[in-house]
>>> print(open('start_5.pdb').read())   # PDB, C-alpha atoms, pLDDT in the B column
ATOM      1  CA  GLN A  50      20.713   8.292 -14.893  1.00 57.00           C
ATOM      2  CA  LYS A  51      20.307   6.301 -11.712  1.00 63.00           C
ATOM      3  CA  GLU A  52      22.662   7.105  -8.850  1.00 80.00           C
ATOM      4  CA  VAL A  53      23.560   3.441  -8.399  1.00 87.00           C
ATOM      5  CA  GLU A  54      23.428   0.760 -11.101  1.00 88.00           C
ATOM      6  CA  GLN A  55      23.517  -2.917 -10.401  1.00 91.00           C
ATOM      7  CA  ASN A  56      23.198  -6.035 -12.571  1.00 83.00           C
ATOM      8  CA  SER A  57      19.952  -7.685 -11.514  1.00 78.00           C
ATOM      9  CA  GLY A  58      21.174 -11.200 -12.297  1.00 82.00           C
ATOM     10  CA  PRO A  59      20.338 -13.830 -11.314  1.00 93.00           C
ATOM     11  CA  LEU A  60      23.878 -14.926 -10.591  1.00 96.00           C
ATOM     12  CA  SER A  61      24.362 -18.640 -10.097  1.00 97.00           C
ATOM     13  CA  VAL A  62      27.518 -20.080  -8.561  1.00 97.00           C
ATOM     14  CA  PRO A  63      28.320 -23.559  -7.250  1.00 98.00           C
ATOM     15  CA  GLU A  64      28.828 -24.117  -3.562  1.00 98.00           C
ATOM     16  CA  GLY A  65      32.379 -23.254  -2.500  1.00 97.00           C
ATOM     17  CA  ALA A  66      32.983 -20.850  -5.393  1.00 98.00           C
ATOM     18  CA  ILE A  67      33.578 -17.102  -5.237  1.00 97.00           C
ATOM     19  CA  ALA A  68      30.544 -14.947  -5.980  1.00 97.00           C
ATOM     20  CA  SER A  69      31.309 -11.510  -7.402  1.00 96.00           C
ATOM     21  CA  LEU A  70      28.673  -8.787  -7.243  1.00 97.00           C
ATOM     22  CA  ASN A  71      29.178  -5.397  -8.849  1.00 95.00           C
ATOM     23  CA  CYS A  72      27.730  -1.937  -8.688  1.00 93.00           C
ATOM     24  CA  THR A  73      28.559   1.336 -10.468  1.00 91.00           C
ATOM     25  CA  TYR A  74      27.707   4.837  -9.364  1.00 87.00           C
ATOM     26  CA  SER A  75      27.424   8.210 -11.016  1.00 84.00           C
ATOM     27  CA  ASP A  76      28.388  10.753  -8.333  1.00 76.00           C
ATOM     28  CA  ARG A  77      32.164  11.238  -8.262  1.00 71.00           C
ATOM     29  CA  GLY A  78      31.846  12.939  -4.911  1.00 73.00           C
ATOM     30  CA  SER A  79      30.348   9.855  -3.302  1.00 68.00           C
ATOM     31  CA  GLN A  80      32.153   8.707  -0.207  1.00 78.00           C
ATOM     32  CA  SER A  81      30.384   5.795   1.406  1.00 87.00           C
ATOM     33  CA  PHE A  82      28.765   2.635   0.130  1.00 91.00           C
ATOM     34  CA  PHE A  83      26.969  -0.251   1.692  1.00 94.00           C
ATOM     35  CA  TRP A  84      26.039  -3.806   0.829  1.00 96.00           C
ATOM     36  CA  TYR A  85      22.795  -5.246   2.128  1.00 97.00           C
ATOM     37  CA  ARG A  86      21.585  -8.830   1.974  1.00 98.00           C
ATOM     38  CA  GLN A  87      17.871  -9.489   1.709  1.00 97.00           C
ATOM     39  CA  TYR A  88      16.331 -12.918   2.001  1.00 97.00           C
ATOM     40  CA  SER A  89      12.974 -13.431   0.325  1.00 94.00           C
ATOM     41  CA  GLY A  90      10.193 -11.935   2.434  1.00 91.00           C
ATOM     42  CA  LYS A  91      12.631 -10.405   4.932  1.00 94.00           C
ATOM     43  CA  SER A  92      14.057  -6.940   5.455  1.00 96.00           C
ATOM     44  CA  PRO A  93      17.513  -5.833   4.245  1.00 96.00           C
ATOM     45  CA  GLU A  94      20.451  -6.592   6.528  1.00 96.00           C
ATOM     46  CA  LEU A  95      23.631  -4.507   6.438  1.00 94.00           C
ATOM     47  CA  ILE A  96      26.624  -6.767   5.788  1.00 95.00           C
ATOM     48  CA  MET A  97      29.416  -4.441   4.661  1.00 95.00           C
ATOM     49  CA  SER A  98      30.215  -0.755   4.498  1.00 93.00           C
ATOM     50  CA  ILE A  99      33.150   0.855   2.713  1.00 93.00           C
ATOM     51  CA  TYR A 100      34.281   4.445   2.328  1.00 87.00           C
ATOM     52  CA  SER A 101      37.965   4.232   1.492  1.00 86.00           C
ATOM     53  CA  ASN A 102      39.536   3.182  -1.778  1.00 89.00           C
ATOM     54  CA  GLY A 103      40.666  -0.406  -1.741  1.00 92.00           C
ATOM     55  CA  ASP A 104      39.467  -3.573  -0.055  1.00 94.00           C
ATOM     56  CA  LYS A 105      37.729  -4.226   3.216  1.00 95.00           C
ATOM     57  CA  GLU A 106      37.467  -7.787   4.470  1.00 96.00           C
ATOM     58  CA  ASP A 107      35.076  -9.288   7.007  1.00 95.00           C
ATOM     59  CA  GLY A 108      35.105 -13.051   7.235  1.00 97.00           C
ATOM     60  CA  ARG A 109      34.106 -14.517   3.868  1.00 97.00           C
ATOM     61  CA  PHE A 110      33.076 -11.097   2.549  1.00 97.00           C
ATOM     62  CA  THR A 111      35.316  -8.549   0.833  1.00 97.00           C
ATOM     63  CA  ALA A 112      34.047  -5.166  -0.307  1.00 97.00           C
ATOM     64  CA  GLN A 113      36.044  -3.251  -2.886  1.00 96.00           C
ATOM     65  CA  LEU A 114      35.755   0.431  -3.746  1.00 93.00           C
ATOM     66  CA  ASN A 115      37.395   2.002  -6.776  1.00 91.00           C
ATOM     67  CA  LYS A 116      36.637   5.712  -6.815  1.00 88.00           C
ATOM     68  CA  ALA A 117      38.535   6.388 -10.040  1.00 88.00           C
ATOM     69  CA  SER A 118      36.409   3.881 -11.942  1.00 89.00           C
ATOM     70  CA  GLN A 119      33.291   4.530  -9.827  1.00 89.00           C
ATOM     71  CA  TYR A 120      32.495   0.971  -8.955  1.00 90.00           C
ATOM     72  CA  VAL A 121      31.881  -1.013  -5.823  1.00 93.00           C
ATOM     73  CA  SER A 122      31.992  -4.768  -5.603  1.00 96.00           C
ATOM     74  CA  LEU A 123      31.316  -7.512  -3.102  1.00 97.00           C
ATOM     75  CA  LEU A 124      33.150 -10.826  -3.151  1.00 97.00           C
ATOM     76  CA  ILE A 125      31.788 -13.783  -1.249  1.00 98.00           C
ATOM     77  CA  ARG A 126      34.361 -16.545  -0.807  1.00 98.00           C
ATOM     78  CA  ASP A 127      33.424 -20.187  -0.203  1.00 98.00           C
ATOM     79  CA  SER A 128      29.818 -19.463  -1.140  1.00 98.00           C
ATOM     80  CA  GLN A 129      27.209 -21.429   0.779  1.00 97.00           C
ATOM     81  CA  PRO A 130      23.573 -22.199  -0.091  1.00 97.00           C
ATOM     82  CA  SER A 131      22.645 -19.976   2.861  1.00 97.00           C
ATOM     83  CA  ASP A 132      24.175 -17.044   0.937  1.00 98.00           C
ATOM     84  CA  SER A 133      21.391 -17.325  -1.633  1.00 97.00           C
ATOM     85  CA  ALA A 134      19.607 -13.980  -1.391  1.00 97.00           C
ATOM     86  CA  THR A 135      19.285 -10.643  -3.120  1.00 97.00           C
ATOM     87  CA  TYR A 136      22.242  -8.328  -2.560  1.00 97.00           C
ATOM     88  CA  LEU A 137      21.584  -4.607  -2.639  1.00 96.00           C
ATOM     89  CA  CYS A 138      24.263  -2.017  -3.205  1.00 95.00           C
ATOM     90  CA  ALA A 139      23.488   1.344  -1.600  1.00 92.00           C
ATOM     91  CA  GLY A 140      25.128   4.740  -1.600  1.00 84.00           C
ATOM     92  CA  PRO A 141      26.204   7.425  -1.237  1.00 72.00           C
ATOM     93  CA  ASN A 142      24.953   8.562   2.116  1.00 65.00           C
ATOM     94  CA  ASN A 143      24.386  12.263   1.439  1.00 69.00           C
ATOM     95  CA  PHE A 144      22.443  14.160   4.084  1.00 69.00           C
ATOM     96  CA  ASN A 145      20.846  10.991   5.420  1.00 67.00           C
ATOM     97  CA  LYS A 146      19.682   9.855   2.024  1.00 77.00           C
ATOM     98  CA  PHE A 147      21.064   7.122  -0.109  1.00 77.00           C
ATOM     99  CA  TYR A 148      19.957   5.170  -3.119  1.00 83.00           C
ATOM    100  CA  PHE A 149      19.657   1.453  -3.544  1.00 91.00           C
ATOM    101  CA  GLY A 150      20.668  -0.370  -6.685  1.00 92.00           C
ATOM    102  CA  SER A 151      18.095  -2.699  -8.176  1.00 93.00           C
ATOM    103  CA  GLY A 152      19.676  -5.689  -6.424  1.00 95.00           C
ATOM    104  CA  THR A 153      21.427  -8.832  -7.670  1.00 96.00           C
ATOM    105  CA  LYS A 154      19.820 -12.171  -6.926  1.00 96.00           C
ATOM    106  CA  LEU A 155      22.455 -14.742  -5.983  1.00 97.00           C
ATOM    107  CA  ASN A 156      21.753 -18.454  -6.183  1.00 97.00           C
ATOM    108  CA  VAL A 157      24.352 -20.782  -4.667  1.00 97.00           C
ATOM    109  CA  LYS A 158      23.817 -24.328  -5.909  1.00 96.00           C
ATOM    110  CA  PRO A 159      24.727 -27.244  -3.610  1.00 94.00           C
TER     111      PRO A 159
ATOM    112  CA  ASP B 194      19.596  -3.030  22.054  1.00 65.00           C
ATOM    113  CA  THR B 195      20.502  -3.135  18.373  1.00 68.00           C
ATOM    114  CA  GLU B 196      17.043  -3.587  16.924  1.00 93.00           C
ATOM    115  CA  VAL B 197      14.426  -1.597  15.112  1.00 97.00           C
ATOM    116  CA  THR B 198      10.987  -2.881  16.066  1.00 97.00           C
ATOM    117  CA  GLN B 199       8.020  -2.476  13.746  1.00 98.00           C
ATOM    118  CA  THR B 200       4.374  -3.202  14.478  1.00 97.00           C
ATOM    119  CA  PRO B 201       2.189  -4.682  13.232  1.00 98.00           C
ATOM    120  CA  LYS B 202       3.972  -7.293  11.118  1.00 97.00           C
ATOM    121  CA  HIS B 203       0.944  -7.727   8.873  1.00 97.00           C
ATOM    122  CA  LEU B 204      -1.948  -5.357   8.173  1.00 97.00           C
ATOM    123  CA  VAL B 205      -4.983  -5.695   5.950  1.00 97.00           C
ATOM    124  CA  MET B 206      -7.039  -2.542   5.534  1.00 96.00           C
ATOM    125  CA  GLY B 207      -9.890  -1.294   3.422  1.00 95.00           C
ATOM    126  CA  MET B 208      -9.608   1.763   1.248  1.00 94.00           C
ATOM    127  CA  THR B 209     -11.703   3.831   3.659  1.00 93.00           C
ATOM    128  CA  ASN B 210      -9.836   2.794   6.806  1.00 93.00           C
ATOM    129  CA  LYS B 211      -7.360   4.751   8.885  1.00 96.00           C
ATOM    130  CA  LYS B 212      -4.446   2.838  10.356  1.00 97.00           C
ATOM    131  CA  SER B 213      -0.970   3.522  11.692  1.00 98.00           C
ATOM    132  CA  LEU B 214       2.361   1.755  11.426  1.00 98.00           C
ATOM    133  CA  LYS B 215       4.749   2.050  14.352  1.00 98.00           C
ATOM    134  CA  CYS B 216       8.515   1.899  14.607  1.00 98.00           C
ATOM    135  CA  GLU B 217      10.765   2.049  17.664  1.00 98.00           C
ATOM    136  CA  GLN B 218      14.515   2.035  18.212  1.00 97.00           C
ATOM    137  CA  HIS B 219      16.635   2.406  21.329  1.00 93.00           C
ATOM    138  CA  MET B 220      20.066   2.700  19.749  1.00 94.00           C
ATOM    139  CA  GLY B 221      20.264   6.475  20.156  1.00 93.00           C
ATOM    140  CA  HIS B 222      20.031   6.964  16.409  1.00 93.00           C
ATOM    141  CA  ARG B 223      18.913  10.474  15.474  1.00 92.00           C
ATOM    142  CA  ALA B 224      17.893   9.728  11.886  1.00 93.00           C
ATOM    143  CA  MET B 225      14.852   7.588  11.090  1.00 95.00           C
ATOM    144  CA  TYR B 226      13.367   6.587   7.769  1.00 95.00           C
ATOM    145  CA  TRP B 227      10.336   5.102   6.087  1.00 97.00           C
ATOM    146  CA  TYR B 228      10.826   3.001   2.954  1.00 96.00           C
ATOM    147  CA  LYS B 229       8.335   1.234   0.721  1.00 97.00           C
ATOM    148  CA  GLN B 230       9.266  -1.969  -1.078  1.00 97.00           C
ATOM    149  CA  LYS B 231       7.271  -3.693  -3.782  1.00 96.00           C
ATOM    150  CA  ALA B 232       7.965  -7.284  -4.771  1.00 93.00           C
ATOM    151  CA  LYS B 233      11.252  -7.820  -6.619  1.00 91.00           C
ATOM    152  CA  LYS B 234      12.116  -4.118  -6.376  1.00 93.00           C
ATOM    153  CA  PRO B 235      14.599  -2.277  -4.159  1.00 94.00           C
ATOM    154  CA  PRO B 236      13.374  -0.196  -1.216  1.00 95.00           C
ATOM    155  CA  GLU B 237      12.162   3.268  -2.164  1.00 94.00           C
ATOM    156  CA  LEU B 238      12.708   6.143   0.226  1.00 93.00           C
ATOM    157  CA  MET B 239       9.549   7.879   1.459  1.00 96.00           C
ATOM    158  CA  PHE B 240      10.497  10.065   4.429  1.00 96.00           C
ATOM    159  CA  VAL B 241      13.545  11.014   6.482  1.00 93.00           C
ATOM    160  CA  TYR B 242      13.476  12.432  10.004  1.00 95.00           C
ATOM    161  CA  SER B 243      16.595  13.999  11.430  1.00 92.00           C
ATOM    162  CA  TYR B 244      16.569  15.014  15.096  1.00 93.00           C
ATOM    163  CA  GLU B 245      12.797  14.526  15.138  1.00 95.00           C
ATOM    164  CA  LYS B 246      12.221  16.937  12.268  1.00 95.00           C
ATOM    165  CA  LEU B 247      11.061  15.929   8.801  1.00 95.00           C
ATOM    166  CA  SER B 248      14.013  16.586   6.506  1.00 92.00           C
ATOM    167  CA  ILE B 249      13.066  14.696   3.353  1.00 90.00           C
ATOM    168  CA  ASN B 250       9.695  13.902   1.777  1.00 92.00           C
ATOM    169  CA  GLU B 251      10.157  12.106  -1.516  1.00 91.00           C
ATOM    170  CA  SER B 252       6.945  13.532  -3.009  1.00 92.00           C
ATOM    171  CA  VAL B 253       4.846  10.974  -1.177  1.00 96.00           C
ATOM    172  CA  PRO B 254       1.027  11.278  -1.561  1.00 96.00           C
ATOM    173  CA  SER B 255      -0.710  12.948   1.372  1.00 96.00           C
ATOM    174  CA  ARG B 256      -2.588   9.746   2.205  1.00 97.00           C
ATOM    175  CA  PHE B 257       0.690   8.802   3.929  1.00 98.00           C
ATOM    176  CA  SER B 258       1.412  11.004   6.941  1.00 98.00           C
ATOM    177  CA  PRO B 259       4.579  10.527   9.004  1.00 98.00           C
ATOM    178  CA  GLU B 260       5.031  11.522  12.620  1.00 98.00           C
ATOM    179  CA  CYS B 261       8.017  11.467  14.954  1.00 97.00           C
ATOM    180  CA  PRO B 262       6.744  11.877  18.545  1.00 96.00           C
ATOM    181  CA  ASN B 263      10.249  11.541  20.036  1.00 94.00           C
ATOM    182  CA  SER B 264      13.743  10.414  19.153  1.00 92.00           C
ATOM    183  CA  SER B 265      12.875   6.721  19.570  1.00 96.00           C
ATOM    184  CA  LEU B 266       9.522   6.526  17.822  1.00 97.00           C
ATOM    185  CA  LEU B 267       8.349   6.926  14.255  1.00 98.00           C
ATOM    186  CA  ASN B 268       4.797   6.484  13.016  1.00 98.00           C
ATOM    187  CA  LEU B 269       3.267   6.322   9.572  1.00 98.00           C
ATOM    188  CA  HIS B 270      -0.415   7.202   9.456  1.00 98.00           C
ATOM    189  CA  LEU B 271      -2.397   5.726   6.589  1.00 97.00           C
ATOM    190  CA  HIS B 272      -5.694   7.013   5.242  1.00 96.00           C
ATOM    191  CA  ALA B 273      -7.695   6.320   2.079  1.00 95.00           C
ATOM    192  CA  LEU B 274      -5.055   4.067   0.587  1.00 96.00           C
ATOM    193  CA  GLN B 275      -5.294   2.424  -2.808  1.00 96.00           C
ATOM    194  CA  PRO B 276      -4.690  -1.244  -3.646  1.00 97.00           C
ATOM    195  CA  GLU B 277      -1.435  -0.234  -5.384  1.00 97.00           C
ATOM    196  CA  ASP B 278      -0.150   0.935  -1.997  1.00 97.00           C
ATOM    197  CA  SER B 279       0.068  -2.691  -0.924  1.00 98.00           C
ATOM    198  CA  ALA B 280       3.737  -3.323  -0.178  1.00 97.00           C
ATOM    199  CA  LEU B 281       6.300  -4.029   2.534  1.00 98.00           C
ATOM    200  CA  TYR B 282       6.833  -0.882   4.601  1.00 98.00           C
ATOM    201  CA  LEU B 283      10.243  -0.693   6.181  1.00 97.00           C
ATOM    202  CA  CYS B 284      11.427   1.541   8.977  1.00 97.00           C
ATOM    203  CA  ALA B 285      15.143   2.173   9.432  1.00 95.00           C
ATOM    204  CA  SER B 286      17.393   4.220  11.659  1.00 95.00           C
ATOM    205  CA  SER B 287      20.991   5.374  11.611  1.00 92.00           C
ATOM    206  CA  GLN B 288      23.501   7.601  13.279  1.00 89.00           C
ATOM    207  CA  GLU B 289      24.053  10.979  11.654  1.00 82.00           C
ATOM    208  CA  GLY B 290      26.928  11.036   9.185  1.00 78.00           C
ATOM    209  CA  GLU B 291      27.650   9.574   5.795  1.00 75.00           C
ATOM    210  CA  ILE B 292      29.739   6.652   6.968  1.00 80.00           C
ATOM    211  CA  TYR B 293      26.818   5.020   8.752  1.00 84.00           C
ATOM    212  CA  GLY B 294      24.492   2.544   7.144  1.00 88.00           C
ATOM    213  CA  TYR B 295      20.916   1.956   8.149  1.00 91.00           C
ATOM    214  CA  THR B 296      19.479  -0.645  10.479  1.00 94.00           C
ATOM    215  CA  PHE B 297      16.150  -1.872   9.152  1.00 96.00           C
ATOM    216  CA  GLY B 298      13.177  -3.184  11.055  1.00 97.00           C
ATOM    217  CA  SER B 299      11.484  -6.402   9.967  1.00 97.00           C
ATOM    218  CA  GLY B 300       8.793  -4.458   8.129  1.00 97.00           C
ATOM    219  CA  THR B 301       5.009  -4.322   7.967  1.00 97.00           C
ATOM    220  CA  ARG B 302       3.381  -6.273   5.149  1.00 97.00           C
ATOM    221  CA  LEU B 303       0.436  -4.057   4.124  1.00 98.00           C
ATOM    222  CA  THR B 304      -2.448  -5.240   1.971  1.00 97.00           C
ATOM    223  CA  VAL B 305      -5.084  -2.748   0.858  1.00 97.00           C
ATOM    224  CA  VAL B 306      -8.383  -4.322  -0.183  1.00 96.00           C
TER     225      VAL B 306
END
>>> encode(input="start_5.pdb", output="structure tokens")
Amino acid sequence: QKEVEQNSGPLSVPEGAIASLNCTYSDRGSQSFFWYRQYSGKSPELIMSIYSNGDKEDGRFTAQLNKASQYVSLLIRDSQPSDSATYLCAGPNNFNKFYFGSGTKLNVKP
Amino acid sequence: DTEVTQTPKHLVMGMTNKKSLKCEQHMGHRAMYWYKQKAKKPPELMFVYSYEKLSINESVPSRFSPECPNSSLLNLHLHALQPEDSALYLCASSQEGEIYGYTFGSGTRLTVV
């Protein structure tokens, strides 16, 4: 079983809508998770980190961590065409090593 | 300085060549990483250096040889590669501790011919 599972998509949403990206993990002891955005041909960019149960908000982005259900999600409010990218869930960070999910490709349609 | 700098950005090499990829960071991060990424796949961990010592080798073939000359520099030496080694090679760094994510460099696009 993979450490981190992610729906590969693609996920299509209209401009201005909320995009919801989800990730599940297998290690109950996991503490910290990260969301990366990767544009085609570019390197991953860290956009959110979360290590406490509940929600963490940063601008249009909200990360959610539910340790009881072992899932992590990323909500993008007021989605813009510039948000079109692949979103990678990553975690946990154990001894300087964490696993990436397979990535979800998001397409925001104007 | 909040960047990880990788050189070269593009590299084409023959199967008998020897080349090196370079990575530099000046954020004081003590953990540095090499990842390999194939098209439409997530990054795959290759090596982890912690405090300039190799701490993780994900069973990478010996034709890839990492080196950490000091806390700011990370090299990946390449020798006798195969065409299937063509990929985007990403360097990353982070602070020690599980709450810290990685900062990635822009990558080296490697083509083996």
>>> interface_residues(input="start_5.pdb", of="chain A", to="chain B", cutoff="9 Å", atoms="only C-alpha atoms", output="MDAnalysis selection string")
chainID A and resid 80:83 90:95 97:100 137 139 141:152
>>> axis_aligned_box(input="start_5.pdb", around="segment 267-275 of chain B", padding_each_side="5 Å", output="JSON")
{"center_x": 0.3, "center_y": 4.8, "center_z": 5.7, "size_x": 26.0, "size_y": 14.8, "size_z": 27.1}
>>> resolve_selection(input="start_5.pdb", expression="the PyMOL selection byres ((chain A and resi 109-113) around 9)", output="MDAnalysis selection string")
chainID A and resid 83:84 96:99 101:108 114:115 120:128
>>> closest_residue(input="start_5.pdb", among="A:Gly58, A:Pro159, A:Gly78, A:Gly65", to="Ala117 of chain A", atoms="all atoms listed in the file")
A:Gly78
>>> atom_distance(input="start_5.pdb", atom1="atom CA of Trp227 of chain B", atom2="atom CA of Val197 of chain B")
12.0 Å
>>> atom_distance(input="start_5.pdb", atom1="atom CA of Lys158 of chain A", atom2="atom CA of Tyr85 of chain A")
20.7 Å
>>> resolve_selection(input="start_5.pdb", expression="the PyMOL selection byres ((chain A and resi 155) around 8)", output="PyMOL selection string")
chain A and resi 58-62+132-136+153-154+156-157
>>> atom_distance(input="start_5.pdb", atom1="atom CA of Gln218 of chain B", atom2="atom CA of Cys261 of chain B")
11.9 Å
>>> resolve_selection(input="start_5.pdb", expression="the PyMOL selection byres ((chain B and resi 278) around 8)", output="count of residues only")
9
>>> build_atoms(input="start_5.pdb", residues="segment 102-111 of chain A", atoms="all heavy atoms", output="mmCIF file, in the frame of the given file")
data_model
loop_
_atom_site.group_PDB
_atom_site.id
_atom_site.type_symbol
_atom_site.label_atom_id
_atom_site.label_comp_id
_atom_site.auth_asym_id
_atom_site.auth_seq_id
_atom_site.Cartn_x
_atom_site.Cartn_y
_atom_site.Cartn_z
ATOM 1 N N ASN A 102 39.084 3.946 -0.615
ATOM 2 C CA ASN A 102 39.536 3.182 -1.778
ATOM 3 C C ASN A 102 40.235 1.907 -1.332
ATOM 4 O O ASN A 102 40.963 1.903 -0.333
ATOM 5 C CB ASN A 102 40.527 4.021 -2.592
ATOM 6 C CG ASN A 102 39.938 4.471 -3.894
ATOM 7 O OD1 ASN A 102 38.921 3.953 -4.353
ATOM 8 N ND2 ASN A 102 40.576 5.440 -4.511
ATOM 9 N N GLY A 103 39.980 0.837 -2.060
ATOM 10 C CA GLY A 103 40.666 -0.406 -1.741
ATOM 11 C C GLY A 103 39.706 -1.470 -1.263
ATOM 12 O O GLY A 103 38.530 -1.452 -1.593
ATOM 13 N N ASP A 104 40.224 -2.411 -0.509
ATOM 14 C CA ASP A 104 39.467 -3.573 -0.055
ATOM 15 C C ASP A 104 39.191 -3.500 1.440
ATOM 16 O O ASP A 104 40.003 -2.979 2.210
ATOM 17 C CB ASP A 104 40.253 -4.862 -0.341
ATOM 18 C CG ASP A 104 40.464 -5.102 -1.809
ATOM 19 O OD1 ASP A 104 39.984 -4.285 -2.627
ATOM 20 O OD2 ASP A 104 41.118 -6.105 -2.159
ATOM 21 N N LYS A 105 38.062 -4.071 1.806
ATOM 22 C CA LYS A 105 37.729 -4.226 3.216
ATOM 23 C C LYS A 105 37.202 -5.637 3.388
ATOM 24 O O LYS A 105 36.268 -6.042 2.693
ATOM 25 C CB LYS A 105 36.675 -3.204 3.651
ATOM 26 C CG LYS A 105 36.259 -3.344 5.103
ATOM 27 C CD LYS A 105 35.195 -2.315 5.451
ATOM 28 C CE LYS A 105 34.733 -2.468 6.884
ATOM 29 N NZ LYS A 105 33.656 -1.480 7.213
ATOM 30 N N GLU A 106 37.816 -6.388 4.304
ATOM 31 C CA GLU A 106 37.467 -7.787 4.470
ATOM 32 C C GLU A 106 36.776 -8.013 5.806
ATOM 33 O O GLU A 106 37.152 -7.433 6.830
ATOM 34 C CB GLU A 106 38.744 -8.649 4.387
ATOM 35 C CG GLU A 106 38.497 -10.136 4.379
ATOM 36 C CD GLU A 106 39.793 -10.930 4.146
ATOM 37 O OE1 GLU A 106 40.593 -10.517 3.280
ATOM 38 O OE2 GLU A 106 39.987 -11.931 4.847
ATOM 39 N N ASP A 107 35.765 -8.889 5.780
ATOM 40 C CA ASP A 107 35.076 -9.288 7.007
ATOM 41 C C ASP A 107 34.643 -10.732 6.828
ATOM 42 O O ASP A 107 33.643 -11.002 6.158
ATOM 43 C CB ASP A 107 33.877 -8.380 7.274
ATOM 44 C CG ASP A 107 33.193 -8.700 8.594
ATOM 45 O OD1 ASP A 107 33.647 -9.614 9.315
ATOM 46 O OD2 ASP A 107 32.185 -8.029 8.915
ATOM 47 N N GLY A 108 35.420 -11.633 7.381
ATOM 48 C CA GLY A 108 35.105 -13.051 7.235
ATOM 49 C C GLY A 108 35.179 -13.475 5.773
ATOM 50 O O GLY A 108 36.191 -13.267 5.115
ATOM 51 N N ARG A 109 34.108 -14.066 5.275
ATOM 52 C CA ARG A 109 34.106 -14.517 3.868
ATOM 53 C C ARG A 109 33.781 -13.402 2.884
ATOM 54 O O ARG A 109 33.793 -13.613 1.676
ATOM 55 C CB ARG A 109 33.089 -15.656 3.702
ATOM 56 C CG ARG A 109 33.414 -16.914 4.479
ATOM 57 C CD ARG A 109 32.441 -18.053 4.156
ATOM 58 N NE ARG A 109 31.070 -17.764 4.560
ATOM 59 C CZ ARG A 109 30.072 -17.558 3.719
ATOM 60 N NH1 ARG A 109 30.268 -17.596 2.413
ATOM 61 N NH2 ARG A 109 28.858 -17.325 4.181
ATOM 62 N N PHE A 110 33.482 -12.214 3.398
ATOM 63 C CA PHE A 110 33.076 -11.097 2.549
ATOM 64 C C PHE A 110 34.219 -10.096 2.374
ATOM 65 O O PHE A 110 34.918 -9.766 3.325
ATOM 66 C CB PHE A 110 31.875 -10.363 3.173
ATOM 67 C CG PHE A 110 30.640 -11.206 3.315
ATOM 68 C CD1 PHE A 110 30.336 -11.837 4.506
ATOM 69 C CD2 PHE A 110 29.782 -11.385 2.247
ATOM 70 C CE1 PHE A 110 29.195 -12.610 4.643
ATOM 71 C CE2 PHE A 110 28.638 -12.161 2.366
ATOM 72 C CZ PHE A 110 28.345 -12.772 3.562
ATOM 73 N N THR A 111 34.383 -9.626 1.124
ATOM 74 C CA THR A 111 35.316 -8.549 0.833
ATOM 75 C C THR A 111 34.603 -7.507 -0.014
ATOM 76 O O THR A 111 34.058 -7.829 -1.065
ATOM 77 C CB THR A 111 36.554 -9.050 0.069
ATOM 78 O OG1 THR A 111 37.248 -10.002 0.869
ATOM 79 C CG2 THR A 111 37.494 -7.892 -0.262
#
